[in-house]
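Student: Please see the structure below; I have some questions.
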Amino acid sequence: MSAVPQASASAPAADEANTAHGIFVPLSAWLEFVTTTSKGGDKSNNFERGNKESIIRKTTVAYGIVEVLNRSKKLENDEIRIDNFAVSVLKKPTRPWDDIKGVGMISSGLTLIIEEPPYLSDLLEGDNSDVQKIVGRCLEVEQISAPPSENSAVPPAGNGYCSGMDVLAAVAEENNHCHLFARLLYELFVCEPFPDNALGADQAPPQKRAKPNNVLSHNLFSHKLPSRKNFMDTLAERPFRIPCIVRMQDLGIPASICLMTQNLLEYALRGDGRQSDNAYDSLGVVGEDLHLLLLDPDRFLFDNEKKGTENTQLLYRSGKLYGRDREKTLISDAFCRVSRGKSEAFFIGGFSGSGKTMLVNSLTDAVNVIGGYMIKHKFDPMPREEPIAGVISAFNQICLMIKDSARPAIAKKIWDEFGFDFNLLMKLLPNVNVLFPDFVSSGTTVKAGVTMNARSVCFTLLRFVRLISSPRHPVMLFLDDMQWADSTALDVVHSILSDTRGSCMFFVGTYRDNEVRVDHDIFNFIERLEISNVRTTKLHLAGLNQHDLNTMISDALCLYPRICKSLTDIVFQKTKGNPFFMLEFVQSLKSRGLLRYNFHQKRWVWNEGMLRGETITDNVLHLLHSKMSCLHRNVQTLLTVMACFGSSTNETVVHRLSESPHFSGVRNGMAEALSDGFIRKDEEGCLHFAHDKVREAAYNLIHYSAKKQFHYNLGKVLYSLFLGEGNDAGDTILLIAGQINHGKEWIIGDQDFRIAVAELNMKAGKKAIDGCDHKTAYSYLRFAISLLPNDHWESHYDLSLSLSFLFSSAANSTCQYNEAEQMIRKTLEMARCLEDQLPSYLLLSQILQAQGKVKDVYDTCSTILTELGESIPESNTLAMASTQIVETINTYEKVGDKWLKGEKTVDKTLHKTLQFYNVISLAAYFCKSHSMLVHFVSKAVQLSLQRGLSEHTALALIQFTSVVTMEDNVVSCYRIAKDAMSLQERFDLTAVIPDLYFNFYGRIAWRFEPLQAGIDKLRQGFEAGLSSGNADMGLHCAIQVIKNTICIGANLSSILEEIGYYLQILETYQSEMGRTFLLIFRETVSTLIDNGKATGIDATPLVGDLDDQKNKFRDSVLYHSAIRCYWLGHTERCRYYSEKCMKGVEQTFWQGGNITAYVAKFFIGLNSLDLLKKNKHIDRSSQVSRLAIAALKGAAVNSDSNFTNKLRLLEAEQQSLAERHWKAIDLYHASITSAKRSGLIHEQGLACEKAGFYFKRVRQNEKALQYFQQARDCYQAWGSSMKVAFIQNELDGLNLPNGI
C-alpha cells in the first residue's frame, strides 16, 4: 500500500493544513485517495485480505466522527455529511493502518485527536515479528483546537466536552442522527453517495435533511418494507434484504459494518412500529460498537474465514478472565505483599466451574516477572496415592524452574545447609539432581536406619523452601480442589507458612465450598494459620453477573454485546452465571440447532421464543452426559478409563492399554476426545480432563452397580500388561494396585490371585515408602494383609513376615502407634527364629520410644540383648562403674590406633548387638542409675574393640565419652570422641548424626573448643534429626543450642526468638519434656532482658515437685533460679538455690558432660564472694569460692576461650577482698580482655561492672565511671535492658567534679 502522505500531494493545497498532530485533509479527498490506492487498478469491488488496512482506517475515521458528533453541543442535520469533515494523517505512520491521528468538523471547528495510550503504542511498536499482522487498537480521544480553514473558525479554548471513554454513551440531540450517520457510514465504506430520497416522502423524518454534495440518484432503498414479524424473521433467518445493505455485502464490506449500518437505518422505522430490537437509539452506543471493532478487529470487525465451513466453532477467548477484576486485584495485592518478604495464604471457595483455577492462573505472569516459582497440584477424587504425595511432587517441580544462571548459587546453599542430609533431600525431591549434574547420581539411596515420616518430610521441605525462596524469588504454591485434601498434606503447608525463619511463600488454595462441611480439615487449617499469625484472605467466587456473562457470550459469538443480551438472559437463567456451565450450555444450544451460524449474514442467530419454549436441563452433568452418550464407543471407552484413573493419565498407559483386546479402541478415541475438548494433553504427554465435571460425567457413563467390576477388570488388564513375566511397572504399580483393589470380593474368591494381589500391594507399599509417602504405603500394606488367608503364617511365612514388618513401619511413621505395636508384637510371636525377630524388636523399641514408654524400651532391649548372649546386671555399683571406665579407656589406649585402621567387620550379630546397646543406653539415661548407664556404654565400646569396626561403633564411642568424661580422664575421652567423629569418613552415619552431634558438641567438645564453634553443629543436628525421623535426639540438640547460646552471651532477643521457634516445632511433636525445658530457659532469658515485665513467662507450674530427686527438671530449675537471682542481685536467694544445686553435684561421682555445671560454679563462686563482702556466711562462702576457683582452673587448662575470663574474674574479686589493689586491677583487666577475645559480651560487661564497683569502693570514681560505661555498652549489646538500667543508676549516682 502506498504511504498516506502521497495523498496530500494530489489534494488541493487550500484543503490541507499542517498541524502538530499531522496533516489535515478533507475527508472526501482522503476517501478518494484511499479508494484508488486500495483498488490498485483492479476494477473489481471485492475487498480482499490486502484491504484490511483500509477497513481499519475507515473504521477509525468513523469512530472519530461519532466522537465529534457526541461532543457537539448543537448539531444541525446538514452537518452530518462527508464533506463537512477532515482527517488528520501522519506522513510516516508506524504501521500501514496507523496513520489516522484526528478528525475535525469543518462547520464547527471542533477537532479531536485519536491515539493509543503511550504504553500500548510502545508495546506495539516493539513487536516487529509480523508487519502484516492486524493489531487491535485501544483508542482514546482528546479534544483540541480546530485546524485553520478558510470557512471555519477555531473554537475558543475550553469549549469542548470531556475527553476519553466516559463520553462514549452520550445521547445524540436529534432523533434522526442515527439515520444520518448511517448514510455517512455507507458513503465512507462503499465510496458511493447514499440516495437522498431513499425513504420516500411518507417515511422521511420531519427534520431538515442533509444535502451532501455529488449524491447519485440511485434508489437503493426502493423495496417495500416487510411487516415487523416478517422483518424479524428476515433478520434472524435470511440474508440482508435492505437493498443498500445488500449492496454493501456484495461489495465485501465486513458483516459487522453491514449490521451496524442496518441497525442505524432501522431507527427510521420507529414511527410506524417496525423498529428492530437491535436498532440504535443513540450515537453513544454506536461509538461503543466502533471502539469494540477497533479493539479486536479479527474477532469483531473482519469476517472470519473459518466460519465458512459447516462445522463452525464458537470463538471463545482462551485464558480470558471475565468479571473478576475485584478478585484479581485482591489476589494480586496479596502476592505483592508476599514479594516483600512475609508469607501469606489466600483461599478461594466457589462452585465447580466458577473460575477459581483461572483466577489463580492469572497470577502466572506476575510470578514469572519477579523471578518467583509457581508450583501447582490438583487433588484428585480418585487418587492412587495420598494427598501429601501430591504436595511433595509440587515442590519437586521447583528445581526444574531454577534458571541455569542461578543454579550454582542455589546448589551451594543447598549443599551447605543439608551436607550429610543431602541424600534425604534427594530421596524426597529427586529433581534436586539437576542442580548437581557433575557428581550426584539419580540413583542416590538413603541409609536403612533413616525412617522419614510425615513430620520429617514436612521439616525437610521447610528447610528446602527457606533456601530457595526469598522476597526476590517467592514460591507460590497453588493447591486446587482442596476438598479432597487431608490434614497430613495441609500440615506441610502450615509448617512453611507459619515459619518465621526465612520462608517466603504465597499459598493459594481453592475448594468447592458447597461440598465441604464445617468440620472439614480446610477450616481447621485456616484457623491454625490465623492462630499462627499468618495473614489469611478468604474469597467466595459466585457466578458472573449478566453484564460480564454477556461480554463472554459476545466474544464467543463475535457479535456486538447489545445484540447478545436476549441470549444472555436465557443463559443466565439456566446457568446462574457459572462460566463452565455457560460454556457447556451454549455448546448444547449449538449442537441442537437452537444456535446456528447464518452464512449469508455471517453471524450467529437464534430464535428467542424457541429458546424460551424449549425444555433444557439446568444441570451441567446432564448436559455432558447427553453429549458423551452420542460419542463413538472408542471415545466413551477412553473417557471412562481415564475417569477411573482420576483427573489425569499418562499417555503411555493409554497406549499400552490399547494392546489389550478389551480396550483396543482407547487409542483411536484419543484424537476425537482431544478435538472435542473433553481432554487436553500437556507437554509431558500427560492427558488431563478439561474440567472435573467432565471427569465426573465420564465416570457416570459406567453404571453405578458396574463401577467396581469395571475398575477390577481394568486393573487386571494393566496387571497382565505391565507385570507379566516379572516386569517392573515402576510408578504405574500404584495405579494398577489402586484399580485391582476395587474388586476385593472377586479377589478373595481366587486363592492364587489373592496372594499375587497381596504381593502387588506390598510392592506398591514399598514404592510409596521410597517416595516418603508413608500414609499411602500404610493403605496398600493394610489391604495386602487383609488378603492373606487365615493360615498365612504357615502357608506364606516369608510374605507374612515382610508384610507385617513393613505395615508396622508405615503405621509408626504415620504416628499410628497402637496399630504398629500390635502388629509388631504379633510378628515377634509368629517369627520362627531370633534372626527374623531382630528387625522387629528394633522397630518395637522405636515405636515404644516414640510414645515415651522408656521403661518398656529398656525391658525390650534387655530381653533381646540377653538372647544375643549379653549379660545384663540388675544393678551396677559406683565402684564397678569406675572400674569399667578405667578398663575401657586403658584398652582403647592400647589398641585404638591400630583398631581404627582395621577392616570393617561383617559380623551381623555385632551390628545388631551394638544397635540394641545404643538404644538401651538412651533408655537407661531416663530410667536407670548413672552406674547402669556406664555399664551399657562401656560394654558397647568393649565389644567393638574386641570384634571390629562397624557403622554403629561411632555412636558407641560417643555415648561412652559423653557419659564417663571427668576431670581426670578428659584428655583421653576427648581423643576417643574425636576418633569417633572421624569415622564419618568411613561410614554413612546419616541416621545417627543427631546423636553424634548432641553428644560431641553438646557434652564433650566445649572442654577443649570454643563453645560458639559447636552451636551451629548442634543446630545441624536438630535439623538432621527432624529431617531423618530421629526427632527425639534432634530436639535434644535444640535444647542444647539454647543452653549454649545463653552461656556465650548471645543477644537475648535473638535467643528469645529462637526459643519461640523451637516451641512452635514442639507443638507438632507434642514433647512436654522438651517444651518444659525451653520454657525454663525462656523464663531466664526474659528475666535478663527486662526482669520479665514484657517478655516473661512462669514455667514453675510445669516442672513438678522440686524436692523429688528423680525429677528430671529439678537440676535445671535450681540452676536457672540461681543464675536469675545472681543477675538480679539477690545474693541470699542465689545462695539458697546454689546450696540445693551443689548438693545434687556432690552426691554423685558423675560430674556430667554439661557446661552449665561449670557456669553454675562460676556464678555461685561470684555470689559467695559478694556475700563475703557483706560479711555473711563467711566460712561456707569462702569454701565455695575456693572450690569454684579450683574447678575453673582445671577447666581453663584445656579451654582457655571458655573459662579463663571466668577464672580471672573470680580471682580479681578474691584479690579485691584481700585488698591487694594492683593484683586485683590486673586480674580485672585480664578478665575483661579474655572475655572480649572469646566473644562473651555478657561476661565482659560483668567484669567491667565488678571493676567499676571496686574502684567506687576505693573512691576512684573517674575509673569507676569508665568501667561502668563499658559495662553499660556491653549489656546494651547483650540486649539486657534490666542491666543497662541498673548500671545507668550507678552512673547517675557517682559524685564527680564538673566536666567529668
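By order in the C-alpha cells, chains are A, B, ...; within a chain, residues start at 1; ligands start at 1, following the order shown.
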Give the alpha helix (DSSP H) residues of stretch 831-988 of chain A, as assigned by DSSP on the backbone, as a ChimeraX atom specification.
Tutor: /A:834-850,854-867,878-900,908-927,930-947,953-964,970-982
Student: Excluding stretch 905-914 of chain A and any residue of its chain fewer than 4 positions from it, enumerate the residues within 7 Å of it, using only C-alpha atoms, and give them as a list in words.
Tutor: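 Here the qualifying residues turn out to be Leu865, Asn918, Ala940, Gly948, Leu949, Ser950 and His952 of chain A.
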Student: Quick one: pick out all strand (DSSP E or B) residues within stretch 250-391 of chain A from a backbone DSSP run and write them as a list in words.
Tutor: Glu344, Ala345, Phe346, Phe347, Ile348, Gly349, Gly350, Tyr373, Met374, Ile375, Lys376, His377 and Lys378 of chain A
Student: Could you list, as a list in words, every residue within 8 Å of A:Arg512, counting only C-alpha atoms and ignoring same-chain residues fewer than 5 positions away?
Tutor: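 So, after excluding close chain neighbours, the residues are Gly349, Gly350, Phe351, Ser352, Asp481, Met482 and Gln483 of chain A.
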Student: Mind writing the picked residues with C-alpha atoms as a CSV table (one decimal), in the first residue's frame?
Tutor:
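Result saved to out-v3.csv:
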chain,number,residue,atom,x,y,z
A,349,GLY,CA,-14.2,-21.0,47.6
A,350,GLY,CA,-16.9,-21.5,45.0
A,351,PHE,CA,-19.0,-23.9,43.0
A,352,SER,CA,-17.4,-26.2,40.5
A,481,ASP,CA,-9.6,-28.8,44.8
A,482,MET,CA,-8.7,-28.9,48.5
A,483,GLN,CA,-12.0,-30.5,49.3
Student: Contacts of A:Cys258 at 9 Å or less, counting only C-alpha atoms, minus same-chain residues fewer than 4 places along, as a ChimeraX atom specification?
Tutor: /A:186,240,245-246,248-249,253-254,262-263,601
Student: Next, write the just-selected residues to a file, as a tab-separated table (two decimals), in the first residue's frame, keeping N, CA, C and O atoms as the atom set.
Tutor:
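Dumped everything to out25.tsv:
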chain	number	residue	atom	x	y	z
A	186	TYR	N	-22.31	4.52	5.15
A	186	TYR	CA	-22.44	3.87	3.84
A	186	TYR	C	-21.48	4.50	2.84
A	186	TYR	O	-20.74	3.82	2.13
A	240	PHE	N	-29.23	-10.33	4.38
A	240	PHE	CA	-29.68	-8.94	4.40
A	240	PHE	C	-30.62	-8.71	3.20
A	240	PHE	O	-30.31	-9.05	2.08
A	245	ILE	N	-27.99	-2.38	2.12
A	245	ILE	CA	-27.17	-3.30	2.92
A	245	ILE	C	-26.71	-4.46	2.05
A	245	ILE	O	-25.57	-4.93	2.15
A	246	VAL	N	-27.62	-4.92	1.17
A	246	VAL	CA	-27.24	-5.97	0.22
A	246	VAL	C	-26.10	-5.49	-0.65
A	246	VAL	O	-25.15	-6.23	-0.95
A	248	MET	N	-23.81	-3.31	0.14
A	248	MET	CA	-22.58	-3.33	0.96
A	248	MET	C	-22.02	-4.75	1.07
A	248	MET	O	-20.81	-4.97	0.93
A	249	GLN	N	-22.93	-5.70	1.26
A	249	GLN	CA	-22.48	-7.08	1.40
A	249	GLN	C	-21.87	-7.58	0.09
A	249	GLN	O	-20.83	-8.25	0.09
A	253	ILE	N	-18.02	-5.56	2.05
A	253	ILE	CA	-17.91	-4.81	3.30
A	253	ILE	C	-18.12	-5.81	4.46
A	253	ILE	O	-19.03	-6.64	4.40
A	254	PRO	N	-17.33	-5.76	5.52
A	254	PRO	CA	-17.48	-6.71	6.63
A	254	PRO	C	-18.90	-6.73	7.17
A	254	PRO	O	-19.59	-5.69	7.22
A	262	GLN	N	-27.28	-1.31	9.07
A	262	GLN	CA	-28.69	-1.73	9.08
A	262	GLN	C	-29.37	-1.29	10.36
A	262	GLN	O	-30.49	-0.76	10.33
A	263	ASN	N	-28.71	-1.50	11.52
A	263	ASN	CA	-29.32	-1.11	12.79
A	263	ASN	C	-29.51	0.39	12.90
A	263	ASN	O	-30.45	0.86	13.55
A	601	GLN	N	-25.57	-13.75	6.50
A	601	GLN	CA	-25.32	-12.57	7.34
A	601	GLN	C	-23.95	-12.64	8.01
A	601	GLN	O	-23.48	-11.66	8.60
Student: Separation of atom CA of A:Phe85 and atom CA of A:His291, in Å?
Tutor: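 Calculated distance between atom CA of A:Phe85 and atom CA of A:His291 is 19.3 Å.
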Student: Go through stretch 876-991 of chain A and flag each residue having an atom no more than 12 Å from stretch 1101-1116 of chain A; for those, report the closest pair of atoms plus their distance in Å to one decimal, using only C-alpha atoms, ordered by chain and rising number, as a Markdown table.
Tutor:
| residue | atom | partner | partner_atom | distance |
| --- | --- | --- | --- | --- |
| A:Tyr925 | CA | A:Lys1112 | CA | 10.5 |
| A:Phe926 | CA | A:Lys1112 | CA | 8.3 |
| A:Cys927 | CA | A:Lys1110 | CA | 9.3 |
| A:Lys928 | CA | A:Lys1110 | CA | 10.3 |
| A:Ser929 | CA | A:Lys1110 | CA | 10.2 |
Student: Those selected residues, please, written with C-alpha atoms and delivered as a compact mmCIF listing (two decimals), in the first residue's frame.
Tutor:
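Writing the result to again12.txt gives the following:
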# COMPACT_ATOMS: atom_id res chain seq x y z
CA TYR A 925 19.66 -42.38 80.99
CA PHE A 926 15.99 -41.71 81.75
CA CYS A 927 15.03 -44.71 83.87
CA LYS A 928 18.18 -46.18 85.45
CA SER A 929 21.14 -45.03 87.55
Student: Hey, what's within 9 Å of A:Thr649 if we count only C-alpha atoms and toss same-chain stuff fewer than 3 positions away? As a list in words, please?
Tutor: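 Residues meeting the cut-off are Met642, Ala643, Phe645, Gly646, Thr652, Val653, Val654, Gly685, Cys686, Leu687, His688 and Phe689 of chain A.
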Student: With only C-alpha atoms as the basis for distance, which of A:Arg324, A:Lys403, A:Arg782, A:Arg1208 is at the shortest distance from A:Gly543?
Tutor: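 The shortest atom-to-atom distance to A:Gly543 comes from A:Arg324.
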Student: Find the spatial neighbours of stretch 1012-1014 of chain A, counting only C-alpha atoms, within a cut-off of 9 Å - ignore same-chain residues fewer than 6 positions away - and output them as a list in words.
Tutor: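 Close residues of stretch 1012-1014 of chain A: Tyr997, Phe1000, Tyr1001, Gly1002, Ala1005, Trp1006, Val1041, Asn1044, Thr1045, Ile1048 and Gly1239 of chain A.
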Student: If I take atom CA of A:Thr36 and atom CA of A:Leu294, how far is one from the other in Å, to one decimal?
Tutor: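 Computed distance, atom CA of A:Thr36 to atom CA of A:Leu294, equals 23.1 Å.
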Student: Mind checking which residues fall within 6 Å of stretch 976-981 of chain A, counting only C-alpha atoms, ignoring those fewer than 2 positions away in the same chain, and posting them as a list of chain:residue names?
Tutor: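 In the requested form, the answer reads A:Ala954, A:Leu957, A:Ile958, A:Cys973, A:Tyr974, A:Leu983, A:Gln984.
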Student: From the options A:Thr1233, A:Ser487, A:Ser1121, A:Asn727, which residue's atoms come nearest to A:Val391, counting only C-alpha atoms?
Tutor: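 Closest to A:Val391 of all the choices is A:Ser487.
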Student: Please, what distance in Å, to one decimal, runs between atom CA of A:Ser343 and atom CA of A:Leu539?
Tutor: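 Computed distance, atom CA of A:Ser343 to atom CA of A:Leu539, equals 17.7 Å.
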